[in-house]
$ cat work.csv   # CSV, C-alpha atoms and all ligand atoms
chain,number,residue,atom,x,y,z
A,1,MET,CA,63.7,89.1,99.3
A,2,GLY,CA,64.8,92.0,97.0
A,3,LYS,CA,67.8,91.6,94.9
A,4,ILE,CA,71.1,92.5,96.6
A,5,LYS,CA,73.1,94.7,94.2
A,6,TYR,CA,75.7,96.2,96.5
A,7,ALA,CA,77.7,94.9,99.4
A,8,VAL,CA,79.4,97.2,102.0
A,9,PHE,CA,82.4,96.1,104.0
A,10,ASP,CA,84.2,97.2,107.1
A,11,LEU,CA,87.8,96.0,106.7
A,12,ASP,CA,89.5,95.2,110.0
A,13,GLY,CA,88.0,92.2,111.7
A,14,VAL,CA,85.7,91.5,108.7
A,15,LEU,CA,87.8,90.8,105.7
A,16,SER,CA,91.0,90.3,107.8
A,17,LYS,CA,92.3,90.1,111.3
A,18,GLY,CA,93.6,93.6,110.8
A,19,GLU,CA,97.4,93.4,110.7
A,20,ILE,CA,97.7,93.7,106.9
A,21,PHE,CA,96.1,97.1,106.9
A,22,SER,CA,98.4,98.7,109.4
A,23,LYS,CA,102.0,99.1,110.5
A,24,ASP,CA,103.8,99.0,107.2
A,25,PRO,CA,102.5,101.3,104.5
A,26,SER,CA,105.5,100.7,102.3
A,27,GLY,CA,105.3,96.9,102.3
A,28,ASP,CA,103.1,94.5,100.5
A,29,MET,CA,99.7,95.3,101.9
A,30,LEU,CA,98.1,92.1,100.9
A,31,GLN,CA,100.7,89.9,102.4
A,32,GLY,CA,99.3,86.6,103.7
A,33,GLU,CA,95.8,87.5,102.8
A,34,ARG,CA,96.1,87.7,99.0
A,35,GLU,CA,94.7,84.3,98.6
A,36,ASN,CA,91.6,85.1,100.7
A,37,LEU,CA,91.1,88.4,98.9
A,38,GLU,CA,91.3,86.6,95.5
A,39,LYS,CA,88.6,84.2,96.7
A,40,TRP,CA,86.5,87.1,97.9
A,41,ARG,CA,86.9,89.0,94.7
A,42,GLN,CA,85.9,86.0,92.5
A,43,PHE,CA,82.9,85.4,94.7
A,44,MET,CA,81.7,89.0,94.5
A,45,LYS,CA,82.3,89.0,90.7
A,46,ASP,CA,80.3,85.8,90.2
A,47,SER,CA,77.5,87.2,92.4
A,48,GLU,CA,77.4,90.4,90.2
A,49,VAL,CA,77.4,92.5,93.4
A,50,GLN,CA,79.3,95.8,93.5
A,51,CYS,CA,81.4,96.4,96.6
A,52,ILE,CA,81.9,99.4,98.8
A,53,ALA,CA,84.4,99.6,101.6
A,54,VAL,CA,84.1,101.8,104.7
A,55,THR,CA,87.1,101.9,107.1
A,56,GLY,CA,88.6,103.9,109.9
A,57,ARG,CA,92.0,103.5,108.3
A,58,SER,CA,93.8,106.1,106.3
A,59,LEU,CA,93.7,106.2,102.5
A,60,GLU,CA,97.4,106.2,102.4
A,61,ILE,CA,97.7,102.7,103.8
A,62,THR,CA,94.7,101.2,102.2
A,63,ARG,CA,94.9,102.7,98.7
A,64,GLU,CA,96.6,99.6,97.2
A,65,LEU,CA,94.2,97.3,98.9
A,66,LEU,CA,91.1,99.3,97.9
A,67,SER,CA,92.3,99.5,94.3
A,68,HIS,CA,92.8,95.7,94.3
A,69,MET,CA,89.3,95.3,95.8
A,70,ASP,CA,87.9,97.8,93.2
A,71,CYS,CA,85.7,99.3,95.9
A,72,ILE,CA,84.5,102.9,96.0
A,73,SER,CA,85.4,103.7,99.6
A,74,ALA,CA,85.0,105.9,102.6
A,75,CYS,CA,88.3,106.0,104.6
A,76,GLU,CA,89.4,107.7,107.8
A,77,HIS,CA,86.0,107.2,109.5
A,78,GLY,CA,84.1,108.6,106.6
A,79,THR,CA,86.1,111.8,106.1
A,80,VAL,CA,87.7,110.8,102.8
A,81,ILE,CA,86.0,109.3,99.7
A,82,PHE,CA,88.1,107.3,97.3
A,83,ASP,CA,87.2,105.9,93.9
A,84,PRO,CA,89.8,103.5,92.6
A,85,LYS,CA,88.4,103.7,89.0
A,86,THR,CA,89.3,107.3,88.7
A,87,GLU,CA,92.0,107.4,91.4
A,88,GLU,CA,90.1,110.4,92.6
A,89,SER,CA,89.8,111.2,96.4
A,90,TYR,CA,88.1,114.1,98.1
A,91,SER,CA,86.9,115.2,101.5
A,92,THR,CA,83.3,114.4,102.5
A,93,ILE,CA,83.2,117.7,104.3
A,94,ASP,CA,84.1,119.8,101.3
A,95,CYS,CA,81.3,118.4,99.1
A,96,GLU,CA,78.3,118.1,101.5
A,97,THR,CA,76.6,121.4,102.5
A,98,GLN,CA,75.5,119.8,105.8
A,99,PHE,CA,79.2,119.8,106.9
A,100,GLY,CA,79.8,123.4,106.0
A,101,ASN,CA,80.4,124.3,109.6
A,102,LEU,CA,83.2,121.7,109.9
A,103,ILE,CA,85.4,123.1,107.0
A,104,GLY,CA,87.3,125.5,109.2
A,105,ALA,CA,88.0,122.8,111.9
A,106,LYS,CA,89.0,120.3,109.3
A,107,ASN,CA,91.5,122.7,107.7
A,108,ARG,CA,92.9,123.7,111.1
A,109,LEU,CA,93.4,120.0,112.0
A,110,GLU,CA,95.1,119.2,108.7
A,111,GLU,CA,97.4,122.2,109.1
A,112,PHE,CA,98.4,121.0,112.5
A,113,ILE,CA,98.9,117.4,111.4
A,114,GLU,CA,101.4,118.7,108.8
A,115,LYS,CA,103.6,120.1,111.5
A,116,SER,CA,102.8,117.7,114.3
A,117,GLU,CA,106.2,115.9,113.9
A,118,GLU,CA,107.9,118.7,115.8
A,119,PHE,CA,106.1,117.6,119.0
A,120,ASP,CA,106.9,113.9,118.7
A,121,GLU,CA,110.2,114.1,120.6
A,122,LEU,CA,108.7,116.2,123.3
A,123,LEU,CA,106.2,113.4,124.0
A,124,LEU,CA,108.8,110.7,124.0
A,125,LYS,CA,110.9,112.7,126.5
A,126,LYS,CA,107.8,113.3,128.7
A,127,PHE,CA,107.0,109.6,128.8
A,128,PRO,CA,110.3,107.7,128.8
A,129,GLY,CA,110.0,104.0,128.4
A,130,GLU,CA,106.5,104.1,126.9
A,131,SER,CA,106.0,103.2,123.3
A,132,ILE,CA,104.1,106.1,121.6
A,133,LYS,CA,103.7,106.4,117.9
A,134,ARG,CA,102.0,109.1,115.8
A,135,MET,CA,100.5,107.6,112.7
A,136,ARG,CA,102.3,109.5,110.0
A,137,GLU,CA,100.2,108.3,107.2
A,138,ASN,CA,97.0,109.8,108.6
A,139,LEU,CA,96.6,113.1,106.9
A,140,HIS,CA,93.1,114.0,108.0
A,141,ILE,CA,92.9,112.6,111.5
A,142,LEU,CA,95.5,112.9,114.2
A,143,THR,CA,96.3,109.5,115.8
A,144,TYR,CA,98.7,108.5,118.5
A,145,GLU,CA,99.0,104.8,119.1
A,146,PHE,CA,100.6,103.5,122.3
A,147,GLU,CA,101.3,100.3,124.2
A,148,SER,CA,101.0,100.8,127.9
A,149,GLU,CA,99.9,98.5,130.7
A,150,LYS,CA,97.9,101.5,132.1
A,151,GLY,CA,95.6,101.4,129.1
A,152,LEU,CA,92.9,104.1,129.2
A,153,GLU,CA,94.6,105.8,132.2
A,154,PHE,CA,97.6,106.3,130.0
A,155,ALA,CA,95.5,107.7,127.3
A,156,GLU,CA,94.3,110.4,129.7
A,157,GLU,CA,97.9,111.2,130.8
A,158,LEU,CA,99.0,111.4,127.2
A,159,TYR,CA,96.1,113.6,126.1
A,160,SER,CA,96.8,116.1,128.9
A,161,GLU,CA,100.3,116.5,127.5
A,162,ILE,CA,99.1,116.7,123.8
A,163,ALA,CA,96.6,119.4,124.9
A,164,THR,CA,99.5,121.6,126.0
A,165,PHE,CA,100.7,121.9,122.4
A,166,LEU,CA,97.4,121.8,120.5
A,167,PRO,CA,96.6,125.3,119.2
A,168,GLU,CA,93.8,127.1,121.1
A,169,ASN,CA,91.4,127.0,118.1
A,170,ILE,CA,91.7,123.2,117.8
A,171,LEU,CA,90.9,122.9,121.5
A,172,ASP,CA,87.9,125.1,120.9
A,173,ASP,CA,86.9,123.0,117.9
A,174,ILE,CA,87.0,119.9,120.2
A,175,SER,CA,84.9,121.6,122.9
A,176,GLN,CA,82.4,122.7,120.3
A,177,GLY,CA,82.1,119.2,118.9
A,178,LYS,CA,83.5,120.2,115.4
A,179,LEU,CA,86.4,117.9,116.1
A,180,VAL,CA,85.9,114.6,118.0
A,181,LEU,CA,88.4,113.4,120.5
A,182,LYS,CA,88.5,109.6,121.1
A,183,LYS,CA,90.6,107.8,123.7
A,184,CYS,CA,90.9,104.1,124.2
A,185,GLY,CA,93.4,101.8,125.8
A,186,MET,CA,95.5,101.7,122.7
A,187,ALA,CA,95.2,105.1,120.9
A,188,ILE,CA,94.0,108.7,120.9
A,189,ASP,CA,92.3,110.1,117.8
A,190,ILE,CA,91.3,113.6,117.0
A,191,MET,CA,89.1,113.8,113.9
A,192,PRO,CA,86.4,115.9,112.2
A,193,ALA,CA,82.9,115.2,113.4
A,194,VAL,CA,82.1,112.9,110.4
A,195,THR,CA,81.4,109.2,110.9
A,196,LYS,CA,81.4,106.0,108.9
A,197,SER,CA,77.6,106.4,108.7
A,198,GLU,CA,77.9,109.7,107.0
A,199,GLY,CA,80.6,108.5,104.6
A,200,LEU,CA,78.4,105.6,103.6
A,201,SER,CA,75.3,107.8,103.2
A,202,HIS,CA,77.4,110.1,100.9
A,203,ILE,CA,78.3,107.1,98.7
A,204,LEU,CA,74.8,105.7,98.7
A,205,SER,CA,73.3,109.0,97.5
A,206,LYS,CA,76.1,109.6,95.0
A,207,LEU,CA,75.5,106.2,93.4
A,208,GLU,CA,71.7,106.4,93.9
A,209,ILE,CA,71.6,103.2,95.8
A,210,SER,CA,68.5,102.2,97.6
A,211,PRO,CA,69.1,100.7,101.1
A,212,ASP,CA,67.0,97.6,100.5
A,213,GLU,CA,69.4,96.4,97.8
A,214,VAL,CA,72.4,96.5,100.1
A,215,LEU,CA,74.1,93.8,102.1
A,216,ILE,CA,76.4,95.1,104.9
A,217,ALA,CA,79.2,93.5,107.0
A,218,GLY,CA,80.7,94.9,110.1
A,219,ASP,CA,82.1,93.7,113.5
A,220,SER,CA,82.1,96.6,115.9
A,221,PHE,CA,79.1,98.0,117.8
A,222,HIS,CA,80.2,101.6,118.2
A,223,SER,CA,81.4,102.4,114.7
A,224,ASP,CA,79.8,99.7,112.5
A,225,GLY,CA,76.4,99.6,114.3
A,226,PRO,CA,75.4,103.1,113.4
A,227,MET,CA,76.7,102.6,109.8
A,228,MET,CA,74.6,99.5,109.4
A,229,ARG,CA,71.5,101.3,110.6
A,230,VAL,CA,71.9,103.6,107.5
A,231,VAL,CA,70.7,100.6,105.5
A,232,GLU,CA,68.0,99.5,108.0
A,233,GLU,CA,66.1,97.9,105.2
A,234,GLY,CA,69.1,96.0,104.0
A,235,PHE,CA,70.8,92.7,104.9
A,236,TRP,CA,73.3,92.6,107.7
A,237,ILE,CA,76.0,90.1,108.3
A,238,CYS,CA,78.8,89.8,110.9
A,239,PRO,CA,81.6,87.3,111.6
A,240,ALA,CA,81.8,85.4,114.9
A,241,ASN,CA,84.5,87.7,116.3
A,242,SER,CA,82.0,90.7,116.3
A,243,ASP,CA,80.9,92.7,119.3
A,244,ARG,CA,78.3,90.8,121.3
A,245,ARG,CA,75.9,93.7,121.2
A,246,LEU,CA,76.1,93.9,117.4
A,247,LYS,CA,75.4,90.1,117.1
A,248,GLU,CA,72.3,90.5,119.3
A,249,GLU,CA,71.1,93.4,117.1
A,250,ILE,CA,71.6,91.3,114.0
A,251,LEU,CA,69.9,88.2,115.4
A,252,ALA,CA,66.9,90.3,116.3
A,253,ARG,CA,66.5,91.2,112.6
A,254,GLY,CA,65.4,87.6,111.7
A,255,SER,CA,65.6,86.9,108.0
A,256,GLN,CA,67.3,90.3,107.4
A,257,GLY,CA,70.4,89.3,109.3
A,258,TYR,CA,73.0,86.5,109.7
A,259,VAL,CA,75.5,86.0,112.4
A,260,SER,CA,78.3,83.6,111.3
A,261,GLU,CA,79.7,80.7,113.2
A,262,LYS,CA,83.2,81.4,111.9
A,263,PRO,CA,85.3,84.4,112.7
A,264,PHE,CA,87.0,87.0,110.5
A,265,PHE,CA,87.3,86.4,106.7
A,266,GLU,CA,85.8,82.9,106.8
A,267,GLY,CA,82.9,84.2,108.8
A,268,SER,CA,82.2,87.0,106.3
A,269,MET,CA,82.3,84.6,103.4
A,270,GLU,CA,79.8,82.4,105.3
A,271,GLY,CA,77.4,85.4,105.6
A,272,LEU,CA,77.9,86.3,102.0
A,273,ARG,CA,77.1,82.8,100.8
A,274,TYR,CA,74.0,82.7,103.1
A,275,PHE,CA,72.5,85.7,101.3
A,276,LEU,CA,74.1,85.6,97.8
A,277,GLU,CA,74.2,81.9,96.9
B,301,MG,MG,86.1,96.4,112.1

$ encode --input "work.csv" --output "structure tokens" --more "lines below"
Ligand SMILES: [Mg+2]
Amino acid sequence: MGKIKYAVFDLDGVLSKGEIFSKDPSGDMLQGERENLEKWRQFMKDSEVQCIAVTGRSLEITRELLSHMDCISACEHGTVIFDPKTEESYSTIDCETQFGNLIGAKNRLEEFIEKSEEFDELLLKKFPGESIKRMRENLHILTYEFESEKGLEFAEELYSEIATFLPENILDDISQGKLVLKKCGMAIDIMPAVTKSEGLSHILSKLEISPDEVLIAGDSFHSDGPMMRVVEEGFWICPANSDRRLKEEILARGSQGYVSEKPFFEGSMEGLRYFLE
């Protein structure tokens, strides 16, 4: 086995159950999980392994956490890179020539996000009694969260309404695949066509990291699966709460993978100990 020098972490579902990273950007982001994170930090320090975080969440709400974790990070599904050492953040799209054709779409979306507040009331009026919330701290992706018994069906209804006030050129960007529209039973996201995989690839090449010296932890099949395949030669771990399909893929890796018996933070620590102790 080659020496593991770097460890890559998805955040929600891997280092926490998720709540601490959302909802209250002004509050203490580490509440309730500080003890766990201290344990994790000490373990990574003792292992002499450098950490990288890749998350769908916005830099605004994870900045404090990422600084505490001392992780160079890709946030907002890989669209934003943040280095806590320098406090510097920049757009993946602006610095990679392969994304040159996305710059216009990215700028148009950011411009719209800045003024998106004026449509909030319209949506609440259109769907009385439904709880709909635009994530104000997302500056690079447009996100509406909702709680509705109708789930995905409600996402369709909500998007039909959002589409009535989205500028024509943003609708074009979506149909051309420069912006990606994602709907699920809890949220609608519109984001540049950059993924966690590409955010991670950017960090790996920036730091000149070879995939075979990387350990990577994730829990979702659709967003973490492709990201983990960026380091096909590396070591993959997932906690017990992970998507069944991701677990199967990791089990099939034999000695290059470990599926934990425990869920969430404890499960990730179990995987880390398996490969690093
Ligand atoms: Mg996750």

$ residues_around --input "work.csv" --residues "Met69 (chain A)" --least-positions-apart "2" --cutoff "12 Å" --atoms "all atoms listed in the file" --output "ChimeraX atom specification"
/A:8-9,11,15,30,34,36-45,50-53,62-67,71-73,83-85

$ write_last_selection --input "work.csv" --atoms "C-alpha atoms" --output "compact mmCIF listing (two decimals), keeping the file's coordinate frame"
# COMPACT_ATOMS: atom_id res chain seq x y z
CA VAL A 8 79.40 97.20 102.00
CA PHE A 9 82.40 96.10 104.00
CA LEU A 11 87.80 96.00 106.70
CA LEU A 15 87.80 90.80 105.70
CA LEU A 30 98.10 92.10 100.90
CA ARG A 34 96.10 87.70 99.00
CA ASN A 36 91.60 85.10 100.70
CA LEU A 37 91.10 88.40 98.90
CA GLU A 38 91.30 86.60 95.50
CA LYS A 39 88.60 84.20 96.70
CA TRP A 40 86.50 87.10 97.90
CA ARG A 41 86.90 89.00 94.70
CA GLN A 42 85.90 86.00 92.50
CA PHE A 43 82.90 85.40 94.70
CA MET A 44 81.70 89.00 94.50
CA LYS A 45 82.30 89.00 90.70
CA GLN A 50 79.30 95.80 93.50
CA CYS A 51 81.40 96.40 96.60
CA ILE A 52 81.90 99.40 98.80
CA ALA A 53 84.40 99.60 101.60
CA THR A 62 94.70 101.20 102.20
CA ARG A 63 94.90 102.70 98.70
CA GLU A 64 96.60 99.60 97.20
CA LEU A 65 94.20 97.30 98.90
CA LEU A 66 91.10 99.30 97.90
CA SER A 67 92.30 99.50 94.30
CA CYS A 71 85.70 99.30 95.90
CA ILE A 72 84.50 102.90 96.00
CA SER A 73 85.40 103.70 99.60
CA ASP A 83 87.20 105.90 93.90
CA PRO A 84 89.80 103.50 92.60
CA LYS A 85 88.40 103.70 89.00

$ residues_near_ligand --input "work.csv" --ligand "ligand MG 301 (chain B)" --cutoff "7 Å" --atoms "all atoms listed in the file" --output "list in words"
Asp10, Leu11, Asp12, Gly13, Val14, Gly218, Asp219 and Ser220 of chain A

$ closest_residue --input "work.csv" --among "A:Ser160, A:Ala252, A:His68, A:Leu215" --to "Leu276 (chain A)" --atoms "all atoms listed in the file"
A:Leu215

$ atom_distance --input "work.csv" --atom1 "CA of Ser223 (chain A)" --atom2 "CA of Leu272 (chain A)"
20.8 Å

$ residues_around --input "work.csv" --residues "Ala187 (chain A)" --least-positions-apart "6" --cutoff "12 Å" --atoms "only C-alpha atoms" --output "JSON, numbers by chain"
{"A": [131, 132, 133, 134, 135, 142, 143, 144, 145, 146, 147, 148, 151, 152, 153, 154, 155, 156, 157, 158, 159, 181]}

$ residues_near_point --input "work.csv" --point "(66.4, 100.0, 112.5)" --cutoff "12 Å" --atoms "all atoms listed in the file" --output "PDB file with C-alpha atoms, keeping the file's coordinate frame"
ATOM      1  CA  PRO A 211      69.100 100.700 101.100  1.00  0.00           C
ATOM      2  CA  GLY A 225      76.400  99.600 114.300  1.00  0.00           C
ATOM      3  CA  PRO A 226      75.400 103.100 113.400  1.00  0.00           C
ATOM      4  CA  MET A 227      76.700 102.600 109.800  1.00  0.00           C
ATOM      5  CA  MET A 228      74.600  99.500 109.400  1.00  0.00           C
ATOM      6  CA  ARG A 229      71.500 101.300 110.600  1.00  0.00           C
ATOM      7  CA  VAL A 230      71.900 103.600 107.500  1.00  0.00           C
ATOM      8  CA  VAL A 231      70.700 100.600 105.500  1.00  0.00           C
ATOM      9  CA  GLU A 232      68.000  99.500 108.000  1.00  0.00           C
ATOM     10  CA  GLU A 233      66.100  97.900 105.200  1.00  0.00           C
ATOM     11  CA  GLY A 234      69.100  96.000 104.000  1.00  0.00           C
ATOM     12  CA  PHE A 235      70.800  92.700 104.900  1.00  0.00           C
ATOM     13  CA  TRP A 236      73.300  92.600 107.700  1.00  0.00           C
ATOM     14  CA  GLU A 249      71.100  93.400 117.100  1.00  0.00           C
ATOM     15  CA  ILE A 250      71.600  91.300 114.000  1.00  0.00           C
ATOM     16  CA  ALA A 252      66.900  90.300 116.300  1.00  0.00           C
ATOM     17  CA  ARG A 253      66.500  91.200 112.600  1.00  0.00           C
ATOM     18  CA  GLN A 256      67.300  90.300 107.400  1.00  0.00           C
ATOM     19  CA  GLY A 257      70.400  89.300 109.300  1.00  0.00           C
TER      20      GLY A 257
END

$ residues_near_point --input "work.csv" --point "(77.8, 108.3, 109.2)" --cutoff "8 Å" --atoms "all atoms listed in the file" --output "mmCIF file with C-alpha atoms, keeping the file's coordinate frame"
data_model
loop_
_atom_site.group_PDB
_atom_site.id
_atom_site.type_symbol
_atom_site.label_atom_id
_atom_site.label_comp_id
_atom_site.auth_asym_id
_atom_site.auth_seq_id
_atom_site.Cartn_x
_atom_site.Cartn_y
_atom_site.Cartn_z
ATOM 1 C CA GLY A 78 84.100 108.600 106.600
ATOM 2 C CA VAL A 194 82.100 112.900 110.400
ATOM 3 C CA THR A 195 81.400 109.200 110.900
ATOM 4 C CA LYS A 196 81.400 106.000 108.900
ATOM 5 C CA SER A 197 77.600 106.400 108.700
ATOM 6 C CA GLU A 198 77.900 109.700 107.000
ATOM 7 C CA GLY A 199 80.600 108.500 104.600
ATOM 8 C CA LEU A 200 78.400 105.600 103.600
ATOM 9 C CA SER A 201 75.300 107.800 103.200
ATOM 10 C CA PRO A 226 75.400 103.100 113.400
ATOM 11 C CA MET A 227 76.700 102.600 109.800
ATOM 12 C CA VAL A 230 71.900 103.600 107.500
#

$ residues_around --input "work.csv" --residues "region 173-176 of chain A" --least-positions-apart "6" --cutoff "12 Å" --atoms "only C-alpha atoms" --output "ChimeraX atom specification"
/A:101-109,163,166-167,182,189-193

$ atom_distance --input "work.csv" --atom1 "CA of Ser116 (chain A)" --atom2 "CA of Thr55 (chain A)"
23.4 Å

$ closest_residue --input "work.csv" --among "A:His202, A:Glu270, A:Phe264, A:Asn169" --to "Tyr90 (chain A)" --atoms "all atoms listed in the file"
A:His202

$ closest_residue --input "work.csv" --among "A:Asp243, A:Ala7, A:Asp212, A:Leu179" --to "Phe99 (chain A)" --atoms "only C-alpha atoms"
A:Leu179

$ atom_distance --input "work.csv" --atom1 "CA of Ile93 (chain A)" --atom2 "CA of Ile209 (chain A)"
20.4 Å

$ closest_residue --input "work.csv" --among "A:Glu149, A:Leu124, A:Met186, A:Thr79" --to "Asp94 (chain A)" --atoms "only C-alpha atoms"
A:Thr79

$ closest_residue --input "work.csv" --among "A:Lys17, A:Glu96, A:Ile61, A:Val54" --to "Lys206 (chain A)" --atoms "all atoms listed in the file"
A:Glu96
